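Peer 1: This one is structure-v1.pdb, PDB, C-alpha atoms.
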ATOM      1  CA  MET A  17      14.857  37.572 -63.863
ATOM      2  CA  LYS A  18      16.494  34.940 -61.682
ATOM      3  CA  PRO A  19      15.363  31.332 -62.017
ATOM      4  CA  PHE A  20      13.089  30.047 -59.290
ATOM      5  CA  ARG A  21      15.812  27.820 -57.816
ATOM      6  CA  GLU A  22      18.214  30.755 -57.406
ATOM      7  CA  GLN A  23      15.759  33.017 -55.555
ATOM      8  CA  ASN A  24      15.841  33.553 -51.768
ATOM      9  CA  LYS A  25      14.232  30.490 -50.213
ATOM     10  CA  ALA A  26      13.487  32.269 -46.930
ATOM     11  CA  VAL A  27      11.368  34.884 -48.720
ATOM     12  CA  ILE A  28       9.551  32.234 -50.723
ATOM     13  CA  GLY A  29       8.882  30.211 -47.530
ATOM     14  CA  GLY A  30       7.547  33.268 -45.710
ATOM     15  CA  ILE A  31       5.197  34.074 -48.586
ATOM     16  CA  GLY A  32       3.976  30.464 -48.655
ATOM     17  CA  VAL A  33       3.332  30.372 -44.884
ATOM     18  CA  THR A  34       1.487  33.707 -45.067
ATOM     19  CA  ALA A  35      -0.689  32.415 -47.915
ATOM     20  CA  ILE A  36      -1.538  29.226 -45.979
ATOM     21  CA  LEU A  37      -2.461  31.181 -42.830
ATOM     22  CA  THR A  38      -4.604  33.554 -44.887
ATOM     23  CA  ALA A  39      -6.413  30.628 -46.511
ATOM     24  CA  LEU A  40      -7.055  29.066 -43.106
ATOM     25  CA  ALA A  41      -8.413  32.328 -41.698
ATOM     26  CA  VAL A  42     -10.714  32.739 -44.710
ATOM     27  CA  SER A  43     -11.941  29.139 -44.421
ATOM     28  CA  PHE A  44     -13.082  29.770 -40.838
ATOM     29  CA  GLN A  45     -14.978  32.895 -41.909
ATOM     30  CA  THR A  46     -16.649  31.615 -45.076
ATOM     31  CA  ASP A  47     -20.103  32.399 -43.729
ATOM     32  CA  LYS A  48     -19.179  36.113 -43.653
ATOM     33  CA  LEU A  49     -17.848  36.321 -47.212
ATOM     34  CA  PRO A  50     -20.036  38.363 -49.574
ATOM     35  CA  VAL A  51     -20.065  35.733 -52.335
ATOM     36  CA  ILE A  52     -20.265  32.299 -50.707
ATOM     37  CA  GLY A  53     -21.276  33.189 -47.128
ATOM     38  CA  PHE A  54     -24.488  34.438 -45.528
ATOM     39  CA  ARG A  55     -25.124  37.689 -47.374
ATOM     40  CA  GLU A  56     -28.524  39.107 -46.465
ATOM     41  CA  ILE A  57     -29.161  40.649 -43.039
ATOM     42  CA  VAL A  58     -32.674  40.477 -41.573
ATOM     43  CA  LYS A  59     -33.840  41.906 -38.255
ATOM     44  CA  ALA A  60     -36.947  41.081 -36.226
ATOM     45  CA  GLU A  61     -38.542  42.398 -33.040
ATOM     46  CA  PHE A  62     -39.848  39.971 -30.385
ATOM     47  CA  SER A  63     -41.608  40.477 -27.091
ATOM     48  CA  GLU A  64     -39.038  38.153 -25.439
ATOM     49  CA  ALA A  65     -35.977  36.130 -26.461
ATOM     50  CA  ALA A  66     -37.429  32.827 -25.139
ATOM     51  CA  GLY A  67     -33.966  31.294 -24.812
ATOM     52  CA  LEU A  68     -32.823  32.193 -28.347
ATOM     53  CA  ARG A  69     -29.046  32.573 -28.599
ATOM     54  CA  PRO A  70     -26.544  33.642 -31.250
ATOM     55  CA  ALA A  71     -25.534  30.870 -33.663
ATOM     56  CA  ASP A  72     -29.018  29.290 -33.475
ATOM     57  CA  GLU A  73     -30.480  28.251 -36.831
ATOM     58  CA  VAL A  74     -32.796  30.202 -39.098
ATOM     59  CA  ARG A  75     -35.109  28.023 -41.203
ATOM     60  CA  VAL A  76     -37.560  28.473 -44.038
ATOM     61  CA  ALA A  77     -40.005  25.588 -44.514
ATOM     62  CA  GLY A  78     -37.767  23.418 -42.305
ATOM     63  CA  VAL A  79     -34.596  24.090 -44.339
ATOM     64  CA  LYS A  80     -31.650  25.894 -42.764
ATOM     65  CA  VAL A  81     -31.031  29.176 -44.598
ATOM     66  CA  GLY A  82     -29.000  31.125 -42.058
ATOM     67  CA  LYS A  83     -28.173  31.710 -38.425
ATOM     68  CA  VAL A  84     -28.793  34.175 -35.616
ATOM     69  CA  THR A  85     -25.947  36.646 -35.192
ATOM     70  CA  GLY A  86     -27.273  38.811 -32.382
ATOM     71  CA  VAL A  87     -29.926  38.966 -29.638
ATOM     72  CA  ASP A  88     -30.095  42.435 -28.103
ATOM     73  CA  LEU A  89     -32.503  44.192 -25.744
ATOM     74  CA  GLU A  90     -33.871  47.483 -27.067
ATOM     75  CA  GLY A  91     -36.298  49.143 -24.698
ATOM     76  CA  ASP A  92     -39.268  46.881 -24.051
ATOM     77  CA  LYS A  93     -38.514  44.493 -26.946
ATOM     78  CA  VAL A  94     -35.808  42.136 -28.131
ATOM     79  CA  LEU A  95     -34.065  42.758 -31.469
ATOM     80  CA  VAL A  96     -32.819  39.628 -33.217
ATOM     81  CA  THR A  97     -30.334  39.951 -36.086
ATOM     82  CA  MET A  98     -30.038  37.156 -38.661
ATOM     83  CA  ARG A  99     -27.842  36.423 -41.665
ATOM     84  CA  LEU A 100     -29.457  34.574 -44.571
ATOM     85  CA  LYS A 101     -28.181  32.920 -47.735
ATOM     86  CA  ASP A 102     -29.933  32.343 -51.064
ATOM     87  CA  VAL A 103     -33.451  33.204 -49.889
ATOM     88  CA  ASP A 104     -35.854  35.967 -50.898
ATOM     89  CA  VAL A 105     -37.576  37.711 -47.993
ATOM     90  CA  GLY A 106     -40.666  39.778 -48.826
ATOM     91  CA  THR A 107     -41.897  42.898 -47.095
ATOM     92  CA  GLN A 108     -44.637  40.980 -45.193
ATOM     93  CA  THR A 109     -42.382  38.195 -43.924
ATOM     94  CA  ARG A 110     -43.294  36.631 -40.589
ATOM     95  CA  ALA A 111     -40.771  35.395 -37.969
ATOM     96  CA  ASP A 112     -41.486  32.944 -35.131
ATOM     97  CA  ILE A 113     -39.197  31.553 -32.436
ATOM     98  CA  ARG A 114     -39.861  27.819 -32.213
ATOM     99  CA  ILE A 115     -38.596  24.937 -30.116
ATOM    100  CA  LYS A 116     -35.957  22.763 -31.811
ATOM    101  CA  THR A 117     -35.397  20.069 -29.154
ATOM    102  CA  VAL A 118     -37.240  18.851 -26.056
ATOM    103  CA  LEU A 119     -34.454  20.355 -23.945
ATOM    104  CA  GLY A 120     -35.231  23.904 -24.979
ATOM    105  CA  ARG A 121     -33.026  24.654 -28.011
ATOM    106  CA  LYS A 122     -34.701  27.223 -30.260
ATOM    107  CA  PHE A 123     -34.600  28.354 -33.878
ATOM    108  CA  VAL A 124     -36.202  31.139 -35.926
ATOM    109  CA  ALA A 125     -38.776  30.096 -38.526
ATOM    110  CA  LEU A 126     -39.319  32.592 -41.345
ATOM    111  CA  GLU A 127     -42.403  32.672 -43.578
ATOM    112  CA  PRO A 128     -41.527  34.839 -46.605
ATOM    113  CA  GLU A 129     -44.579  36.779 -47.753
ATOM    114  CA  GLY A 130     -45.354  39.974 -49.610
ATOM    115  CA  PRO A 131     -43.855  41.669 -52.643
ATOM    116  CA  GLY A 132     -40.412  43.160 -53.029
ATOM    117  CA  GLU A 133     -37.546  42.603 -50.627
ATOM    118  CA  LEU A 134     -37.379  43.339 -46.918
ATOM    119  CA  ASP A 135     -35.075  46.217 -45.994
ATOM    120  CA  SER A 136     -32.190  45.095 -43.768
ATOM    121  CA  ASP A 137     -32.544  48.284 -41.696
ATOM    122  CA  THR A 138     -36.283  47.790 -41.108
ATOM    123  CA  PRO A 139     -36.934  45.000 -38.594
ATOM    124  CA  ILE A 140     -39.972  42.747 -38.752
ATOM    125  CA  PRO A 141     -42.446  44.286 -36.258
ATOM    126  CA  MET A 142     -43.814  42.400 -33.238
ATOM    127  CA  ALA A 143     -47.184  42.204 -34.985
ATOM    128  CA  ARG A 144     -45.653  39.561 -37.280
ATOM    129  CA  THR A 145     -43.495  37.756 -34.689
ATOM    130  CA  SER A 146     -44.178  35.341 -31.828
ATOM    131  CA  SER A 147     -42.265  33.631 -29.017
ATOM    132  CA  PRO A 148     -42.932  30.121 -27.655
ATOM    133  CA  TYR A 149     -44.182  29.329 -24.173
ATOM    134  CA  ASP A 150     -41.231  27.985 -22.180
ATOM    135  CA  VAL A 151     -42.482  25.226 -19.842
ATOM    136  CA  ALA A 152     -39.219  25.015 -17.909
ATOM    137  CA  GLU A 153     -39.198  28.738 -17.165
ATOM    138  CA  ALA A 154     -42.865  28.565 -16.157
ATOM    139  CA  PHE A 155     -42.164  25.799 -13.634
ATOM    140  CA  GLN A 156     -39.155  27.669 -12.287
ATOM    141  CA  GLY A 157     -41.242  30.807 -11.883
ATOM    142  CA  LEU A 158     -44.035  28.839 -10.234
ATOM    143  CA  ALA A 159     -41.561  27.232  -7.838
ATOM    144  CA  SER A 160     -40.137  30.631  -6.914
ATOM    145  CA  ASN A 161     -43.529  32.293  -6.459
ATOM    146  CA  ILE A 162     -45.255  29.516  -4.553
ATOM    147  CA  GLU A 163     -42.583  29.675  -1.856
ATOM    148  CA  GLU A 164     -43.656  33.252  -1.141
ATOM    149  CA  VAL A 165     -47.371  32.399  -0.760
ATOM    150  CA  ASP A 166     -48.657  32.245   2.830
ATOM    151  CA  THR A 167     -50.914  29.229   2.482
ATOM    152  CA  ASP A 168     -52.274  29.471   6.037
ATOM    153  CA  GLN A 169     -53.361  33.051   5.507
ATOM    154  CA  LEU A 170     -54.878  32.088   2.176
ATOM    155  CA  ALA A 171     -56.886  29.312   3.855
ATOM    156  CA  LYS A 172     -58.129  31.738   6.529
ATOM    157  CA  SER A 173     -59.162  34.232   3.856
ATOM    158  CA  PHE A 174     -61.248  31.636   2.044
ATOM    159  CA  THR A 175     -62.797  30.566   5.341
ATOM    160  CA  VAL A 176     -63.773  34.170   6.178
ATOM    161  CA  LEU A 177     -65.331  34.534   2.753
ATOM    162  CA  ALA A 178     -67.309  31.340   3.275
ATOM    163  CA  ASP A 179     -68.569  32.590   6.676
ATOM    164  CA  THR A 180     -69.487  35.979   5.209
ATOM    165  CA  PHE A 181     -71.540  34.466   2.405
ATOM    166  CA  ARG A 182     -73.147  31.809   4.614
ATOM    167  CA  ASP A 183     -76.648  33.279   4.139
ATOM    168  CA  THR A 184     -76.300  33.558   0.388
ATOM    169  CA  PRO A 185     -78.095  31.188  -2.014
ATOM    170  CA  ASP A 186     -77.146  27.526  -2.003
ATOM    171  CA  GLU A 187     -75.274  27.747  -5.293
ATOM    172  CA  VAL A 188     -72.924  30.497  -4.043
ATOM    173  CA  LYS A 189     -72.567  28.756  -0.675
ATOM    174  CA  ALA A 190     -71.549  25.503  -2.340
ATOM    175  CA  SER A 191     -68.965  27.284  -4.482
ATOM    176  CA  LEU A 192     -67.415  29.017  -1.491
ATOM    177  CA  ASN A 193     -67.381  25.791   0.524
ATOM    178  CA  GLY A 194     -65.565  24.163  -2.352
ATOM    179  CA  LEU A 195     -63.023  27.000  -2.387
ATOM    180  CA  SER A 196     -62.526  26.580   1.335
ATOM    181  CA  ARG A 197     -61.880  22.853   0.995
ATOM    182  CA  LEU A 198     -59.530  23.533  -1.910
ATOM    183  CA  SER A 199     -57.520  26.039   0.133
ATOM    184  CA  ASN A 200     -57.311  23.620   3.059
ATOM    185  CA  THR A 201     -56.097  20.874   0.740
ATOM    186  CA  ILE A 202     -53.431  23.158  -0.727
ATOM    187  CA  ALA A 203     -52.317  24.180   2.768
ATOM    188  CA  SER A 204     -52.052  20.547   3.886
ATOM    189  CA  ARG A 205     -50.002  19.643   0.815
ATOM    190  CA  ASP A 206     -47.738  22.677   0.979
ATOM    191  CA  ALA A 207     -44.544  20.772   1.850
ATOM    192  CA  GLU A 208     -45.174  18.110  -0.800
ATOM    193  CA  LEU A 209     -45.831  20.747  -3.482
ATOM    194  CA  LYS A 210     -42.666  22.641  -2.590
ATOM    195  CA  GLN A 211     -40.623  19.431  -2.690
ATOM    196  CA  LEU A 212     -42.160  18.421  -6.038
ATOM    197  CA  LEU A 213     -41.470  21.792  -7.647
ATOM    198  CA  SER A 214     -37.946  21.878  -6.209
ATOM    199  CA  ARG A 215     -37.159  18.476  -7.707
ATOM    200  CA  ALA A 216     -38.745  19.502 -11.006
ATOM    201  CA  ARG A 217     -36.421  22.514 -11.052
ATOM    202  CA  GLY A 218     -33.422  20.229 -10.426
ATOM    203  CA  VAL A 219     -34.444  17.873 -13.229
ATOM    204  CA  THR A 220     -34.859  20.716 -15.725
ATOM    205  CA  GLY A 221     -31.481  22.119 -14.668
ATOM    206  CA  VAL A 222     -29.725  18.784 -15.219
ATOM    207  CA  LEU A 223     -31.405  18.336 -18.603
ATOM    208  CA  ALA A 224     -30.356  21.832 -19.623
ATOM    209  CA  GLU A 225     -26.740  21.140 -18.603
ATOM    210  CA  ARG A 226     -26.716  17.801 -20.467
ATOM    211  CA  ASP A 227     -28.303  19.218 -23.612
ATOM    212  CA  GLN A 228     -25.195  18.793 -25.751
ATOM    213  CA  ASP A 229     -24.568  15.280 -24.390
ATOM    214  CA  LEU A 230     -28.071  14.140 -25.283
ATOM    215  CA  VAL A 231     -27.769  15.669 -28.737
ATOM    216  CA  ALA A 232     -24.453  13.831 -29.173
ATOM    217  CA  VAL A 233     -26.106  10.554 -28.101
ATOM    218  CA  LEU A 234     -28.839  11.036 -30.674
ATOM    219  CA  ASP A 235     -26.261  11.864 -33.338
ATOM    220  CA  ASN A 236     -24.256   8.737 -32.473
ATOM    221  CA  SER A 237     -27.429   6.653 -32.676
ATOM    222  CA  SER A 238     -27.988   8.045 -36.151
ATOM    223  CA  LEU A 239     -24.425   7.068 -37.085
ATOM    224  CA  ILE A 240     -25.005   3.517 -35.815
ATOM    225  CA  LEU A 241     -28.188   3.190 -37.850
ATOM    226  CA  GLU A 242     -26.403   4.588 -40.898
ATOM    227  CA  GLU A 243     -23.588   2.066 -40.484
ATOM    228  CA  VAL A 244     -26.109  -0.765 -40.154
ATOM    229  CA  ARG A 245     -27.778   0.460 -43.330
ATOM    230  CA  LYS A 246     -24.420   0.437 -45.117
ATOM    231  CA  ARG A 247     -23.717  -3.090 -43.878
ATOM    232  CA  ARG A 248     -27.148  -4.324 -44.919
ATOM    233  CA  GLU A 249     -25.786  -6.240 -47.908
ATOM    234  CA  VAL A 250     -23.134  -7.936 -45.750
ATOM    235  CA  ILE A 251     -25.730  -8.919 -43.135
ATOM    236  CA  ASP A 252     -28.059 -10.178 -45.851
ATOM    237  CA  SER A 253     -25.238 -12.253 -47.348
ATOM    238  CA  LEU A 254     -24.422 -13.668 -43.893
ATOM    239  CA  LEU A 255     -28.031 -14.688 -43.310
ATOM    240  CA  SER A 256     -28.250 -16.249 -46.778
ATOM    241  CA  SER A 257     -25.039 -18.223 -46.155
ATOM    242  CA  THR A 258     -26.402 -19.405 -42.806
ATOM    243  CA  THR A 259     -29.582 -20.594 -44.498
ATOM    244  CA  ASP A 260     -27.574 -22.473 -47.143
ATOM    245  CA  LEU A 261     -25.430 -24.072 -44.424
ATOM    246  CA  SER A 262     -28.498 -25.254 -42.505
ATOM    247  CA  GLU A 263     -29.960 -26.755 -45.675
ATOM    248  CA  GLN A 264     -26.683 -28.565 -46.403
ATOM    249  CA  LEU A 265     -26.573 -29.927 -42.832
ATOM    250  CA  VAL A 266     -30.133 -31.183 -43.169
ATOM    251  CA  GLY A 267     -29.227 -32.899 -46.443
ATOM    252  CA  LEU A 268     -26.097 -34.420 -44.874
ATOM    253  CA  VAL A 269     -28.122 -35.857 -42.002
ATOM    254  CA  ARG A 270     -30.706 -37.269 -44.388
ATOM    255  CA  GLU A 271     -28.073 -38.891 -46.591
ATOM    256  CA  ASN A 272     -26.218 -40.475 -43.636
ATOM    257  CA  ARG A 273     -29.232 -41.373 -41.540
ATOM    258  CA  ALA A 274     -28.756 -45.104 -42.199
ATOM    259  CA  THR A 275     -25.173 -44.894 -40.909
ATOM    260  CA  LEU A 276     -25.757 -42.493 -38.060
ATOM    261  CA  LYS A 277     -28.776 -44.294 -36.570
ATOM    262  CA  PRO A 278     -26.942 -47.563 -35.636
ATOM    263  CA  ALA A 279     -24.027 -45.565 -34.234
ATOM    264  CA  LEU A 280     -26.342 -43.422 -32.128
ATOM    265  CA  ASP A 281     -28.228 -46.525 -30.942
ATOM    266  CA  ARG A 282     -24.972 -48.139 -29.835
ATOM    267  CA  LEU A 283     -23.862 -44.951 -28.168
ATOM    268  CA  ARG A 284     -27.198 -44.813 -26.349
ATOM    269  CA  GLY A 285     -26.618 -48.394 -25.160
ATOM    270  CA  VAL A 286     -23.160 -47.510 -23.870
ATOM    271  CA  VAL A 287     -24.601 -44.545 -22.002
ATOM    272  CA  VAL A 288     -27.265 -46.774 -20.443
ATOM    273  CA  VAL A 289     -24.618 -49.256 -19.261
ATOM    274  CA  LEU A 290     -22.475 -46.478 -17.834
ATOM    275  CA  ARG A 291     -25.452 -45.064 -15.962
ATOM    276  CA  GLN A 292     -26.273 -48.512 -14.544
ATOM    277  CA  GLN A 293     -22.668 -48.981 -13.407
ATOM    278  CA  GLN A 294     -22.173 -45.448 -12.152
ATOM    279  CA  ASP A 295     -22.074 -46.538  -8.490
ATOM    280  CA  ASN A 296     -19.392 -49.117  -9.265
ATOM    281  CA  LEU A 297     -17.407 -46.534 -11.252
ATOM    282  CA  ASP A 298     -17.577 -44.072  -8.356
ATOM    283  CA  LYS A 299     -16.365 -46.750  -5.908
ATOM    284  CA  SER A 300     -13.539 -47.754  -8.294
ATOM    285  CA  LEU A 301     -12.343 -44.165  -8.598
ATOM    286  CA  ALA A 302     -12.501 -43.693  -4.817
ATOM    287  CA  ARG A 303     -10.447 -46.871  -4.190
ATOM    288  CA  LEU A 304      -8.003 -46.127  -6.999
ATOM    289  CA  ALA A 305      -6.907 -42.883  -5.368
ATOM    290  CA  PRO A 306      -4.902 -44.486  -2.443
ATOM    291  CA  PHE A 307      -3.196 -46.897  -4.843
ATOM    292  CA  VAL A 308      -2.150 -44.057  -7.164
ATOM    293  CA  ARG A 309      -0.809 -42.087  -4.202
ATOM    294  CA  VAL A 310       1.326 -45.023  -2.900
ATOM    295  CA  PHE A 311       2.449 -45.921  -6.410
ATOM    296  CA  SER A 312       3.565 -42.327  -6.986
ATOM    297  CA  ASN A 313       5.539 -42.386  -3.739
ATOM    298  CA  ASN A 314       7.371 -45.576  -4.873
ATOM    299  CA  LEU A 315       8.442 -43.877  -8.087
ATOM    300  CA  GLY A 316       9.122 -40.462  -6.595
ATOM    301  CA  ASN A 317      12.946 -40.828  -6.245
ATOM    302  CA  GLY A 318      13.815 -41.845  -9.788
ATOM    303  CA  ARG A 319      13.160 -44.301 -12.558
ATOM    304  CA  TRP A 320      12.889 -47.284 -10.194
ATOM    305  CA  PHE A 321      10.639 -48.736  -7.505
ATOM    306  CA  ASP A 322      11.643 -47.617  -4.019
ATOM    307  CA  THR A 323      10.031 -50.021  -1.516
ATOM    308  CA  LEU A 324      10.684 -51.905   1.744
ATOM    309  CA  ILE A 325       9.994 -55.601   2.341
ATOM    310  CA  TYR A 326       9.535 -56.656   5.977
ATOM    311  CA  ASN A 327      10.226 -60.030   7.860
ATOM    312  CA  LEU A 328      13.328 -61.083   5.873
ATOM    313  CA  GLY A 329      16.599 -62.466   7.407
ATOM    314  CA  GLU A 330      19.964 -60.727   7.510
ATOM    315  CA  VAL A 331      21.475 -60.143   4.099
ATOM    316  CA  PRO A 332      24.931 -61.974   3.832
ATOM    317  CA  THR A 333      27.990 -59.781   3.412
ATOM    318  CA  PHE A 334      30.039 -60.383   0.245
ATOM    319  CA  GLN A 335      33.734 -61.300   0.874
ATOM    320  CA  PRO A 336      36.007 -60.842  -2.150
ATOM    321  CA  ALA A 337      38.497 -63.644  -2.941
ATOM    322  CA  THR A 338      42.212 -63.141  -2.254
ATOM    323  CA  ALA A 339      43.199 -64.571  -5.579
ATOM    324  CA  PHE A 340      41.673 -63.716  -8.937
ATOM    325  CA  PRO A 341      41.936 -65.397 -12.252
ATOM    326  CA  CYS A 342      44.814 -64.034 -14.213
ATOM    327  CA  GLY A 343      43.783 -61.836 -17.061
ATOM    328  CA  GLU A 344      44.273 -58.485 -18.751
ATOM    329  CA  TYR A 345      42.812 -56.710 -15.742
ATOM    330  CA  ASN A 346      45.299 -57.832 -13.065
ATOM    331  CA  LYS A 347      48.294 -59.228 -14.865
ATOM    332  CA  ASP A 348      50.339 -56.135 -14.052
ATOM    333  CA  SER A 349      48.834 -55.384 -10.629
ATOM    334  CA  GLY A 350      51.371 -57.510  -8.725
ATOM    335  CA  LYS A 351      48.628 -59.455  -6.892
ATOM    336  CA  ASP A 352      48.404 -63.226  -6.749
ATOM    337  CA  CYS A 353      46.152 -64.765  -9.314
ATOM    338  CA  ILE A 354      45.040 -68.221 -10.209
ATOM    339  CA  ARG A 355      46.515 -69.490 -13.417
TER     340      ARG A 355
END
Using structure tokens, write down the structure that the file contains.

Peer 2:
Amino acid sequence: MKPFREQNKAVIGGIGVTAILTALAVSFQTDKLPVIGFREIVKAEFSEAAGLRPADEVRVAGVKVGKVTGVDLEGDKVLVTMRLKDVDVGTQTRADIRIKTVLGRKFVALEPEGPGELDSDTPIPMARTSSPYDVAEAFQGLASNIEEVDTDQLAKSFTVLADTFRDTPDEVKASLNGLSRLSNTIASRDAELKQLLSRARGVTGVLAERDQDLVAVLDNSSLILEEVRKRREVIDSLLSSTTDLSEQLVGLVRENRATLKPALDRLRGVVVVLRQQQDNLDKSLARLAPFVRVFSNNLGNGRWFDTLIYNLGEVPTFQPATAFPCGEYNKDSGKDCIR
């Protein structure tokens, strides 16, 4: 047998890549494996799905034990298929569809009862199942149906009934009069009711579309609280250090009170003087501004004062002498010099 280093590296690489891809595929399907995944299959019959969808949770006593794998219509009932893990389901088990979130997410709650084990081919009958009342669907149905009601005709019908039973006893007459007033009130508020129900339908639609976003917000809030809980010791240490610092500052002020009090008194006196002379200071600053401007102009051309003095006579012109004292400077210039 050839050593490992002398074998075909392409074949070894292909086998390694195939093994990695197989492991990845298995990791994404762990819930379907017979050993570590959801093993037991349970079916249940419901009168309606009530918004239940595949991948929704299955719980026993509030603990997740599986998930919904299928929601199918069979005749006049809905058949829900579930996969469970590590849970014993008796022959008298009950299944209920319950509301998980305020936005309408559902889950299946199982109540294991009875001896033995429930057959995976025998679904839980509707006698031991129940579906929740969906408020959003009820409002949507009400909004759709109320638009089809002829409120004027309904008001006329109640009025005719009231006229027909006019000679009846007072109790019946009062009831019918009340119905007539109720129908008139409904007819007068028809537009407002339609607008209210229409807006309620829009709100429920937006909430349903933003279901995942709201769940994510709640999850992020939980993460923030968890992080604050983890940083509790750091925050406690910070507060303790702040308390120690305040105590040290109080002690420092107490120890140096004799020195600080005269200094503060003098500073208070200086402030009083400055306040008394504030008008003079304002006038000084206002008058200083023209002087600073002119002074800056005098020094604006270089490191000298550039100014002009008026009312002076003509400046005499300098005439150089024709003869200079003899010296090193002009001894070779050929000019006359005084010796």

Peer 1: Here's the selection I'm unsure about, the PyMOL selection byres ((chain A and resi 88) around 12); applied to the file above, which residues does it give, as a PDB file with C-alpha atoms, in the frame of the given file?

Peer 2:
ATOM      1  CA  LYS A  59     -33.840  41.906 -38.255  1.00  0.00           C
ATOM      2  CA  ALA A  60     -36.947  41.081 -36.226  1.00  0.00           C
ATOM      3  CA  GLU A  61     -38.542  42.398 -33.040  1.00  0.00           C
ATOM      4  CA  PHE A  62     -39.848  39.971 -30.385  1.00  0.00           C
ATOM      5  CA  SER A  63     -41.608  40.477 -27.091  1.00  0.00           C
ATOM      6  CA  GLU A  64     -39.038  38.153 -25.439  1.00  0.00           C
ATOM      7  CA  ALA A  65     -35.977  36.130 -26.461  1.00  0.00           C
ATOM      8  CA  LEU A  68     -32.823  32.193 -28.347  1.00  0.00           C
ATOM      9  CA  ARG A  69     -29.046  32.573 -28.599  1.00  0.00           C
ATOM     10  CA  PRO A  70     -26.544  33.642 -31.250  1.00  0.00           C
ATOM     11  CA  VAL A  84     -28.793  34.175 -35.616  1.00  0.00           C
ATOM     12  CA  THR A  85     -25.947  36.646 -35.192  1.00  0.00           C
ATOM     13  CA  GLY A  86     -27.273  38.811 -32.382  1.00  0.00           C
ATOM     14  CA  VAL A  87     -29.926  38.966 -29.638  1.00  0.00           C
ATOM     15  CA  LEU A  89     -32.503  44.192 -25.744  1.00  0.00           C
ATOM     16  CA  GLU A  90     -33.871  47.483 -27.067  1.00  0.00           C
ATOM     17  CA  GLY A  91     -36.298  49.143 -24.698  1.00  0.00           C
ATOM     18  CA  ASP A  92     -39.268  46.881 -24.051  1.00  0.00           C
ATOM     19  CA  LYS A  93     -38.514  44.493 -26.946  1.00  0.00           C
ATOM     20  CA  VAL A  94     -35.808  42.136 -28.131  1.00  0.00           C
ATOM     21  CA  LEU A  95     -34.065  42.758 -31.469  1.00  0.00           C
ATOM     22  CA  VAL A  96     -32.819  39.628 -33.217  1.00  0.00           C
ATOM     23  CA  THR A  97     -30.334  39.951 -36.086  1.00  0.00           C
ATOM     24  CA  MET A  98     -30.038  37.156 -38.661  1.00  0.00           C
TER      25      MET A  98
END

Peer 1: With distances taken over only C-alpha atoms, which residue among A:Val58, A:Ala71, A:Ser312, A:Ser199 lies nearest Ile140 of chain A?

Peer 2: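 With only C-alpha atoms as the atom set, the closest residue is A:Val58.
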
Peer 1: What is the distance between atom CA of Asn200 of chain A and atom CA of Ala171 of chain A, in Å to one decimal?

Peer 2: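 Spanning atom CA of Asn200 of chain A to atom CA of Ala171 of chain A is a straight-line distance of 5.8 Å.
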
Peer 1: Pull the neighbourhood of (-43.6, 35.7, -36.1) for me: all residues within 10 Å in file coordinates, counting only C-alpha atoms, as a PyMOL selection string.

Peer 2: chain A and resi 60-62+109-114+124-127+140-147

Peer 1: Would you compute the distance between atom CA of Gln264 of chain A and atom CA of Val244 of chain A? Give it in Å to one decimal.

Peer 2: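 Interatomic distance, atom CA of Gln264 of chain A to atom CA of Val244 of chain A: 28.5 Å.
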
Peer 1: Specify as a PyMOL selection string each residue included when the PyMOL selection byres ((chain A and resi 79) around 12) is applied to this file.

Peer 2: chain A and resi 73-78+80-83+100-103+123-127

Peer 1: For the file shown, what are the residues hit by the PyMOL selection byres ((chain A and resi 202) around 12), laid out as a ChimeraX atom specification?

Peer 2: /A:162,165-171,174,195-201,203-210

Peer 1: For a test of reading the model, state the distance in Å between atom CA of Leu234 of chain A and atom CA of Gly120 of chain A, rounded to one decimal.

Peer 2: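 Value for the atom CA of Leu234 of chain A-atom CA of Gly120 of chain A distance: 15.5 Å.
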
Peer 1: Do you know which residues lie at most 12 Å from (-42.8, 42.8, -53.1), with coordinates as in the file and all atoms listed in the file counted, and could you write them as JSON, numbers by chain?

Peer 2: {"A": [104, 105, 106, 107, 108, 109, 128, 129, 130, 131, 132, 133, 134, 135]}

Peer 1: Which residue gives the smallest distance to Ser136 of chain A among A:Leu261, A:Val176, A:Ile57, A:Ile31, with only C-alpha atoms counted?

Peer 2: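 Smallest separation from Ser136 of chain A among the options: A:Ile57.
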
Peer 1: Provide segment 273-278 of chain A of the preceding structure as a file containing N, CA and C atoms, as a compact mmCIF listing (two decimals), in the first residue's frame.

Peer 2:
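Below is the file result15.txt, written as the result:
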# COMPACT_ATOMS: atom_id res chain seq x y z
N ARG A 273 -11.46 73.59 54.17
CA ARG A 273 -12.45 74.64 54.29
C ARG A 273 -11.82 75.95 54.79
N ALA A 274 -10.87 75.84 55.73
CA ALA A 274 -10.24 77.05 56.26
C ALA A 274 -9.46 77.81 55.20
N THR A 275 -8.91 77.07 54.22
CA THR A 275 -8.15 77.72 53.14
C THR A 275 -9.07 78.19 52.02
N LEU A 276 -10.08 77.42 51.73
CA LEU A 276 -10.95 77.74 50.61
C LEU A 276 -11.88 78.91 50.93
N LYS A 277 -12.31 79.05 52.20
CA LYS A 277 -13.27 80.09 52.54
C LYS A 277 -12.71 81.50 52.30
N PRO A 278 -11.47 81.83 52.78
CA PRO A 278 -10.95 83.18 52.48
C PRO A 278 -10.80 83.43 50.98
